[in-house]
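Trainee: I'd like to ask some things about the structure below.
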Amino acid sequence: DGGITQSPKYLFRKEGQNVTLSCEQNLNHDAMYWYRQDPGQGLRLIYYSQIVNDFQKGDIAEGYSVSREKKESFPLTVTSAQKNPTAFYLCASSIGHHPGGDTQYFGPGTRLTVL
Amino acid sequence: QKEVEQNSGPLSVPEGAIASLNCTYSDRGSQSFFWYRQYSGKSPELIMSIYSNGDKEDGRFTAQLNKASQYVSLLIRDSQPSDSATYLCAVKTGGYQKVTFGTGTKLQVIP
């Protein structure tokens with residue numbers, strides 16, 4: 001049963017805390033992505049990784065950090081430096097460097113709320 | 001100018017009608033175009049991708065691409081209440097593997 005999993009589904013964070021969102025895929029995809037979605041706005045790219053041990057900042061990377069130690073995993077840490085972290089966080093993956101390999105498939109998402 | 005623009009809607013169509021969703025983009029070099037459907041509170045799911053000018057059909061869905069005019073559209077034939085969702089247009093622009101999403105058009109199919 002192939003796919004992308006994200007955990008937890010809901011996450012509550014207190015002010016000043018760092019939290020880590022999990023994203024795992026068993027699709028053998030090279031590329032993985034993190035997006036943030038706010039009400040009435042489109043998806044905004046936080047970080048992306050095209051290969052293990054390499055990642056690049058997206059459009060709104062400030063206050064976030066990632067790692068890509070394994071092909072299957074791309075965890076996102078929301079740090080206390082992120083001033084407004086309440087949002088719906090979406091992880092995606094794509095085949096990567098192949099013709100037509102840019103189609104992204106999404107996990108179910110994590111809804112983060114700051115208390 | 002936004003890189004990818006969509007009318008936020010809501011677009012209301014009666015059941016059985018054709019729904020037409022439009023998207024324009026600013027980067028003339030864009031080569032990959034995607035339509036996603038997103039139900040409220042859920043993650044986006046891919047409807048189809050299109051890479052060449054013209055039409056691409058998949059069941060009740062037809063994507064249309066016109067690179068000269070820089071627009072891509074999605075037609076949904078025989079619209080059903082279950083098609084009620086937000087439809088996101090996505091375009092691979094500029095940077096390697098980077099895809100830019102529009103803000104989405106909310107579609108309401110009225111029974």
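The chains in the structure tokens are called A, B, ... from first to last as shown; in each chain the residues are counted from 1, and the ligands are counted from 1 in the order shown.
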At a cut-off of 6 Å, list the chain A residues touching chain B, using only C-alpha atoms, as a ChimeraX atom specification.
Mentor: /A:41-43,108
Trainee: Write the residues of the preceding selection, restricted to N, CA and C atoms, as a PDB file, in the first residue's frame.
Mentor:
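Dumped to result.pdb:
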```pdb
ATOM      1  N   GLN A  41      -5.847  31.311   1.005  1.00  0.00           N
ATOM      2  CA  GLN A  41      -4.583  31.440   0.297  1.00  0.00           C
ATOM      3  C   GLN A  41      -4.212  30.117  -0.344  1.00  0.00           C
ATOM      4  N   GLY A  42      -3.386  30.237  -1.357  1.00  0.00           N
ATOM      5  CA  GLY A  42      -2.902  29.028  -2.003  1.00  0.00           C
ATOM      6  C   GLY A  42      -1.828  28.363  -1.171  1.00  0.00           C
ATOM      7  N   LEU A  43      -1.249  27.307  -1.709  1.00  0.00           N
ATOM      8  CA  LEU A  43      -0.162  26.614  -1.036  1.00  0.00           C
ATOM      9  C   LEU A  43       1.127  27.406  -1.212  1.00  0.00           C
ATOM     10  N   PRO A 108      -1.936  13.523   3.756  1.00  0.00           N
ATOM     11  CA  PRO A 108      -3.223  13.997   4.278  1.00  0.00           C
ATOM     12  C   PRO A 108      -3.149  15.303   5.051  1.00  0.00           C
TER      13      PRO A 108
END
```
Trainee: Write out as a VMD selection string each polymer residue whose atoms come within 12 Å of region 14-23 of chain B, counting only C-alpha atoms; drop sequence neighbours fewer than 4 positions from it.
Mentor: chain B and resid 2 to 10 33 to 37 60 to 67 69 to 91 101 to 111
Trainee: Please identify the strand (DSSP E) residues within chain B (assignment by DSSP from backbone atoms) and present them as number ranges by chain.
Mentor: B: 4-5, 11-14, 19-25, 32-38, 45-50, 54-58, 61-66, 71-76, 85-92, 99-101, 105-110
Trainee: Which neighbours of Lys70 (chain A) fall inside 8 Å, counting only C-alpha atoms, when residues of the same chain fewer than 4 positions from it are skipped, and could you give them as a list in words?
Mentor: Val52, Asn53 and Phe74 of chain A
Trainee: Between CA of Tyr64 (chain A) and CA of Asp27 (chain B), what distance in Å does the model show, to one decimal?
Mentor: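 These atoms are spaced 27.8 Å apart.
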